[in-house]
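Have a look at model-v4.cif; it's mmCIF, C-alpha atoms:
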```cif
data_final
#
loop_
_atom_site.label_atom_id
_atom_site.label_comp_id
_atom_site.auth_asym_id
_atom_site.auth_seq_id
_atom_site.Cartn_x
_atom_site.Cartn_y
_atom_site.Cartn_z
CA MET A 1 155.06 -189.05 -187.37
CA ALA A 2 156.77 -188.29 -184.12
CA TYR A 3 159.38 -186.15 -182.39
CA ASP A 4 162.24 -187.81 -180.60
CA VAL A 5 162.97 -186.35 -177.17
CA ASN A 6 165.95 -188.11 -175.62
CA GLY A 7 164.67 -191.46 -176.85
CA THR A 8 160.99 -190.85 -176.06
CA THR A 9 158.71 -190.47 -179.06
CA VAL A 10 155.93 -187.88 -179.12
CA GLU A 11 153.30 -188.17 -181.87
CA HIS A 12 152.48 -185.19 -184.05
CA ASP A 13 150.20 -184.44 -186.99
CA GLU A 14 151.26 -183.74 -190.60
CA GLU A 15 151.92 -180.08 -189.76
CA GLY A 16 153.97 -180.80 -186.66
CA TYR A 17 151.38 -180.05 -183.95
CA ILE A 18 151.57 -182.62 -181.18
CA THR A 19 148.61 -184.98 -180.97
CA ASN A 20 148.32 -185.27 -177.22
CA LEU A 21 148.62 -181.90 -175.49
CA SER A 22 149.69 -183.47 -172.22
CA ASP A 23 152.84 -184.85 -173.91
CA TRP A 24 154.42 -181.39 -173.83
CA THR A 25 157.66 -180.76 -171.95
CA LYS A 26 160.27 -178.01 -172.11
CA GLU A 27 162.64 -180.46 -173.76
CA LEU A 28 160.03 -181.22 -176.41
CA ALA A 29 159.63 -177.48 -177.04
CA GLU A 30 163.36 -177.26 -177.77
CA VAL A 31 163.09 -180.18 -180.21
CA ILE A 32 160.14 -178.63 -182.06
CA ALA A 33 161.91 -175.26 -182.13
CA LYS A 34 164.95 -176.86 -183.73
CA GLU A 35 162.73 -178.37 -186.46
CA GLU A 36 161.32 -174.89 -187.02
CA ASN A 37 164.80 -173.34 -187.14
CA VAL A 38 164.02 -171.22 -184.12
CA GLU A 39 166.62 -170.80 -181.43
CA MET A 40 164.83 -170.44 -178.12
CA THR A 41 165.84 -167.33 -176.14
CA ASP A 42 164.23 -165.87 -173.02
CA GLU A 43 162.10 -163.72 -175.33
CA HIS A 44 160.85 -166.80 -177.16
CA TRP A 45 160.04 -168.52 -173.89
CA GLU A 46 158.11 -165.47 -172.75
CA VAL A 47 155.75 -165.87 -175.72
CA VAL A 48 155.55 -169.65 -175.46
CA ASN A 49 154.81 -169.53 -171.74
CA PHE A 50 152.27 -166.81 -172.32
CA LEU A 51 150.47 -168.95 -174.92
CA ARG A 52 150.38 -171.92 -172.58
CA GLU A 53 148.88 -169.83 -169.79
CA TYR A 54 146.33 -168.43 -172.22
CA TYR A 55 145.33 -171.90 -173.37
CA ASP A 56 145.12 -173.13 -169.82
CA GLU A 57 142.70 -170.37 -168.94
CA TYR A 58 140.51 -170.28 -172.05
CA GLN A 59 140.99 -173.72 -173.67
CA ILE A 60 141.76 -171.98 -176.93
CA ALA A 61 144.86 -170.66 -178.69
CA PRO A 62 144.62 -166.92 -179.35
CA ALA A 63 144.50 -165.56 -182.90
CA ILE A 64 147.46 -163.36 -183.83
CA ARG A 65 145.49 -160.15 -183.29
CA VAL A 66 144.49 -161.32 -179.84
CA LEU A 67 148.05 -162.37 -179.02
CA VAL A 68 149.43 -158.97 -180.02
CA LYS A 69 146.87 -157.17 -177.90
CA ALA A 70 147.41 -159.39 -174.88
CA MET A 71 151.22 -159.11 -175.16
CA LYS A 72 150.90 -155.35 -175.38
CA LYS A 73 148.92 -155.31 -172.19
CA LYS A 74 151.26 -157.63 -170.30
CA PHE A 75 154.70 -156.61 -171.59
CA GLY A 76 154.10 -153.16 -173.10
CA PRO A 77 153.99 -151.85 -176.68
CA GLU A 78 157.66 -152.69 -177.49
CA LYS A 79 156.77 -156.39 -177.27
CA GLY A 80 153.10 -156.21 -178.11
CA ASN A 81 153.46 -155.60 -181.81
CA ASN A 82 153.54 -157.66 -184.98
CA LYS A 83 157.11 -156.76 -185.91
CA TYR A 84 158.57 -157.97 -182.62
CA LEU A 85 156.62 -161.22 -182.72
CA TYR A 86 157.47 -161.91 -186.36
CA GLU A 87 161.16 -161.37 -185.60
CA LEU A 88 160.96 -164.06 -182.94
CA PHE A 89 158.78 -166.40 -185.00
CA PRO A 90 159.26 -165.61 -188.70
CA TYR A 91 156.71 -168.14 -189.96
CA GLY A 92 153.84 -166.62 -188.04
CA PRO A 93 153.94 -166.04 -184.30
CA ALA A 94 150.59 -167.59 -183.50
CA LYS A 95 151.21 -170.64 -185.68
CA GLN A 96 154.87 -171.29 -184.94
CA ALA A 97 154.84 -170.34 -181.28
CA CYS A 98 151.70 -172.43 -180.69
CA LYS A 99 153.39 -175.43 -182.26
CA ILE A 100 156.39 -175.02 -179.95
CA ALA A 101 154.06 -174.45 -177.00
CA GLY A 102 152.34 -177.76 -177.78
CA LEU A 103 148.96 -176.18 -178.48
CA PRO A 104 146.54 -176.96 -181.30
CA LYS A 105 146.69 -174.79 -184.40
CA PRO A 106 145.07 -171.45 -183.53
CA THR A 107 141.44 -170.93 -184.48
CA GLY A 108 141.17 -168.81 -187.59
CA CYS A 109 144.75 -169.48 -188.63
CA VAL A 110 145.09 -170.17 -192.35
CA MET B 1 132.65 -148.66 -190.89
CA SER B 2 135.36 -149.64 -193.37
CA GLU B 3 134.68 -151.18 -196.77
CA GLY B 4 134.19 -154.95 -196.77
CA VAL B 5 133.32 -155.35 -193.12
CA LYS B 6 129.89 -156.87 -192.66
CA LYS B 7 127.84 -157.07 -189.55
CA PHE B 8 127.49 -160.71 -188.54
CA LEU B 9 125.00 -161.95 -185.99
CA TYR B 10 125.38 -165.48 -184.68
CA VAL B 11 122.15 -166.77 -183.19
CA ASN B 12 122.48 -169.51 -180.59
CA ARG B 13 119.28 -171.40 -179.84
CA LYS B 14 120.46 -174.77 -178.53
CA ALA B 15 121.63 -176.09 -175.16
CA PRO B 16 125.43 -176.46 -174.81
CA HIS B 17 125.47 -180.25 -174.68
CA GLY B 18 123.83 -183.09 -176.57
CA THR B 19 124.60 -181.60 -179.95
CA ILE B 20 127.72 -180.05 -181.45
CA TYR B 21 125.96 -176.79 -182.35
CA ALA B 22 127.12 -174.69 -179.40
CA LEU B 23 130.80 -175.59 -179.74
CA GLU B 24 130.76 -175.24 -183.53
CA ALA B 25 129.03 -171.85 -183.28
CA LEU B 26 131.63 -170.63 -180.80
CA GLU B 27 134.49 -171.72 -183.06
CA VAL B 28 132.94 -170.05 -186.10
CA VAL B 29 132.41 -166.88 -184.08
CA LEU B 30 136.07 -166.80 -183.06
CA ILE B 31 137.21 -167.41 -186.63
CA GLY B 32 134.97 -164.61 -187.90
CA ALA B 33 136.27 -162.30 -185.20
CA ALA B 34 139.89 -163.21 -185.98
CA PHE B 35 139.23 -161.95 -189.51
CA GLU B 36 138.07 -158.65 -188.07
CA GLN B 37 134.45 -158.95 -189.03
CA ASP B 38 131.96 -157.07 -186.92
CA VAL B 39 130.53 -159.86 -184.81
CA GLU B 40 127.53 -159.87 -182.49
CA LEU B 41 126.07 -162.82 -180.63
CA ALA B 42 122.49 -163.56 -179.69
CA PHE B 43 121.37 -166.19 -177.21
CA LEU B 44 117.75 -167.20 -177.10
CA ASP B 45 115.52 -170.22 -176.46
CA ASP B 46 117.64 -173.06 -174.95
CA GLY B 47 120.73 -171.21 -176.20
CA VAL B 48 120.70 -169.17 -172.98
CA PHE B 49 121.86 -172.31 -171.14
CA GLN B 50 125.23 -171.97 -172.92
CA LEU B 51 126.00 -168.91 -170.81
CA VAL B 52 124.93 -170.34 -167.46
CA LYS B 53 127.96 -170.31 -165.19
CA GLY B 54 129.48 -173.36 -163.61
CA TRP B 55 128.98 -176.05 -166.23
CA ASP B 56 131.73 -178.36 -167.32
CA THR B 57 131.92 -181.44 -169.51
CA LYS B 58 134.18 -183.61 -167.39
CA ASP B 59 131.67 -186.45 -167.13
CA LEU B 60 130.60 -186.13 -170.75
CA GLY B 61 134.06 -186.92 -172.09
CA SER B 62 134.02 -183.94 -174.45
CA LYS B 63 136.09 -180.79 -174.57
CA ASN B 64 135.14 -178.36 -171.82
CA PHE B 65 134.57 -175.17 -173.77
CA ALA B 66 132.88 -173.16 -171.01
CA PRO B 67 136.10 -171.14 -170.36
CA THR B 68 136.32 -170.27 -174.05
CA TYR B 69 133.31 -167.93 -173.77
CA MET B 70 135.50 -165.82 -171.48
CA ALA B 71 137.91 -165.29 -174.40
CA LEU B 72 135.26 -163.59 -176.55
CA GLY B 73 136.23 -160.20 -175.15
CA ASP B 74 139.85 -160.71 -176.25
CA PHE B 75 138.59 -161.42 -179.75
CA GLU B 76 136.71 -158.14 -179.58
CA VAL B 77 133.34 -159.75 -179.51
CA THR B 78 131.83 -157.27 -177.11
CA LYS B 79 128.14 -157.41 -177.93
CA VAL B 80 126.41 -160.46 -176.53
CA PHE B 81 122.63 -160.15 -176.49
CA VAL B 82 120.58 -162.46 -174.29
CA GLU B 83 116.81 -162.53 -174.62
CA LYS B 84 115.00 -161.77 -171.39
CA GLU B 85 111.88 -163.81 -172.20
CA SER B 86 114.02 -166.92 -172.84
CA LEU B 87 115.67 -166.50 -169.43
CA ASP B 88 112.29 -165.97 -167.72
CA GLU B 89 110.75 -169.04 -169.35
CA ARG B 90 113.60 -171.16 -167.96
CA GLY B 91 113.62 -169.69 -164.47
CA LEU B 92 116.97 -167.97 -165.06
CA THR B 93 118.11 -164.43 -164.33
CA ALA B 94 121.13 -162.36 -165.34
CA ASP B 95 122.83 -163.49 -162.10
CA ASP B 96 122.92 -167.09 -163.37
CA LEU B 97 125.05 -166.12 -166.36
CA MET B 98 128.84 -166.04 -166.77
CA GLU B 99 130.38 -162.63 -166.35
CA LEU B 100 131.65 -161.99 -169.84
CA MET B 101 133.87 -158.93 -169.89
CA TYR B 102 135.94 -157.07 -172.41
CA GLU B 103 138.71 -154.55 -171.91
CA ASP B 104 138.27 -151.22 -173.61
CA GLU B 105 141.70 -150.32 -174.99
CA ASP B 106 140.54 -146.75 -175.63
CA ASP B 107 139.45 -146.38 -172.01
CA ASP B 108 142.67 -147.46 -170.24
CA TRP B 109 141.73 -151.17 -170.46
CA ALA B 110 138.65 -150.64 -168.32
CA GLU B 111 136.70 -153.88 -167.90
CA LYS B 112 133.18 -153.67 -169.21
CA PRO B 113 130.41 -156.28 -169.36
CA SER B 114 129.67 -157.78 -172.78
CA ILE B 115 126.27 -159.28 -171.97
CA ARG B 116 123.19 -157.20 -172.55
CA ILE B 117 119.78 -158.53 -171.62
CA VAL B 118 117.27 -157.46 -174.25
CA SER B 119 113.54 -158.00 -174.78
CA ARG B 120 112.17 -160.16 -177.60
CA GLU B 121 111.12 -156.98 -179.36
CA GLU B 122 114.63 -155.48 -179.15
CA MET B 123 116.07 -158.78 -180.35
CA ALA B 124 113.98 -158.54 -183.51
CA ARG B 125 115.40 -155.08 -184.17
CA ILE B 126 118.98 -156.32 -183.57
CA MET B 127 118.44 -159.10 -186.09
CA ALA B 128 117.05 -156.68 -188.64
CA ALA B 129 120.12 -154.44 -188.28
CA ASN B 130 122.66 -157.15 -189.23
CA ASP B 131 123.88 -158.00 -192.75
CA VAL B 132 124.39 -161.70 -192.15
CA ILE B 133 122.58 -163.91 -189.65
CA LEU B 134 123.86 -167.39 -188.93
CA SER B 135 121.63 -169.58 -186.80
CA PHE B 136 122.92 -172.47 -184.72
#
```
Could you rewrite the structure in this file as structure tokens?
Amino acid sequence: MAYDVNGTTVEHDEEGYITNLSDWTKELAEVIAKEENVEMTDEHWEVVNFLREYYDEYQIAPAIRVLVKAMKKKFGPEKGNNKYLYELFPYGPAKQACKIAGLPKPTGCV
Amino acid sequence: MSEGVKKFLYVNRKAPHGTIYALEALEVVLIGAAFEQDVELAFLDDGVFQLVKGWDTKDLGSKNFAPTYMALGDFEVTKVFVEKESLDERGLTADDLMELMYEDEDDDWAEKPSIRIVSREEMARIMAANDVILSF
């Protein structure tokens, strides 16, 4: 299974998470988002970029509770809440946004 | 404490490399914490080496999970007990350990240290006070 990014193929697992984390590009993110029926806006990118920075620092994807708390701290309570994040990523912010960000499935995500 | 929340203590006794125990323990801890269980960690025997700062696994060809310990605070794992006798026996002091911090949301996000050095005797009391003890 693979995504097609302008003719380049990028392998992914049965749930759509990319196999090799270093394959990620912004173009790939747009392709994954399309598969997920998510239209990427600046607000979406804010979360995706945040997740990538988090992973870079801790080598782990944050659980939803952790993401909410960290977003609240960085962007304030109007963005650091479940409702806001679920509006951006209806199928689970941690899960869906991590997939678009090219990270592994978050620890503790069922 | 709300109904259904149990106190979990994860006991780490093994060095970070050579076996999968340390990494597996850390992942289980983060999963437990994501489900809002009350999680405490204990490091004793060779387990104290897991918290020594500056290690990485580049030459071992395995995932470098040293930075992941720094995420424990975000997952609200704020009680990390390290046994003093185990440090002493290995020529280590508190200064050799990573600075694990957590931010106290109720105290204007003040950064506070998560690691507490405890004696063997205190460690026994901590173990007795938990509902579930998982040893790695």
Reference answer for the PyMOL selection byres ((chain A) within 12 of (chain B)), as a ChimeraX atom specification: /A:54-74,94,106-110
Expected selection from the PyMOL selection byres ((chain B and resi 88) around 12), given as a list in words: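 Expected selection for the PyMOL selection byres ((chain B and resi 88) around 12) here is Leu44, Asp45, Asp46, Val48, Phe49, Val82, Glu83, Lys84, Glu85, Ser86, Leu87, Glu89, Arg90, Gly91, Leu92, Thr93, Ala94, Asp96, Ile117, Val118, Ser119 and Arg120 of chain B.
Between CA of Asp56 in chain B and CA of Cys98 in chain A lies a distance of 24.8 Å.
Picked out by the PyMOL selection byres ((chain B and resi 102) around 6) when it runs on this file: Gly73, Met101, Glu103, Glu111 and Lys112 of chain B.
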Distance in Å - CA of Lys105 in chain A versus CA of Ala25 in chain B: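 CA of Ala25 in chain B lies 17.9 Å from CA of Lys105 in chain A.
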Sel. within 7 Å of pt (129.3, -160.3, -169.0), counting only C-alpha atoms, output as a list in words: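 Selection result: Met98, Glu99, Leu100, Met101, Pro113, Ser114 and Ile115 of chain B.
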Separation of CA of Leu97 in chain B from CA of Ser135 in chain B in Å: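 Those two atoms sit 21.0 Å apart.
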Among the residues B:Leu26, B:Val39, B:Ala124, B:Val77, the one that comes closest to Asp104 in chain B [using all atoms listed in the file]: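 Ranked by minimum distance to Asp104 in chain B, first place goes to B:Val77.
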Protein and nucleic acid residues near (158.8, -171.2, -177.8) (cut-off 10 Å, all atoms listed in the file) as an NGL selection string: :A and (26 or 29-30 or 32-33 or 38-52 or 88-89 or 93 or 96-102)
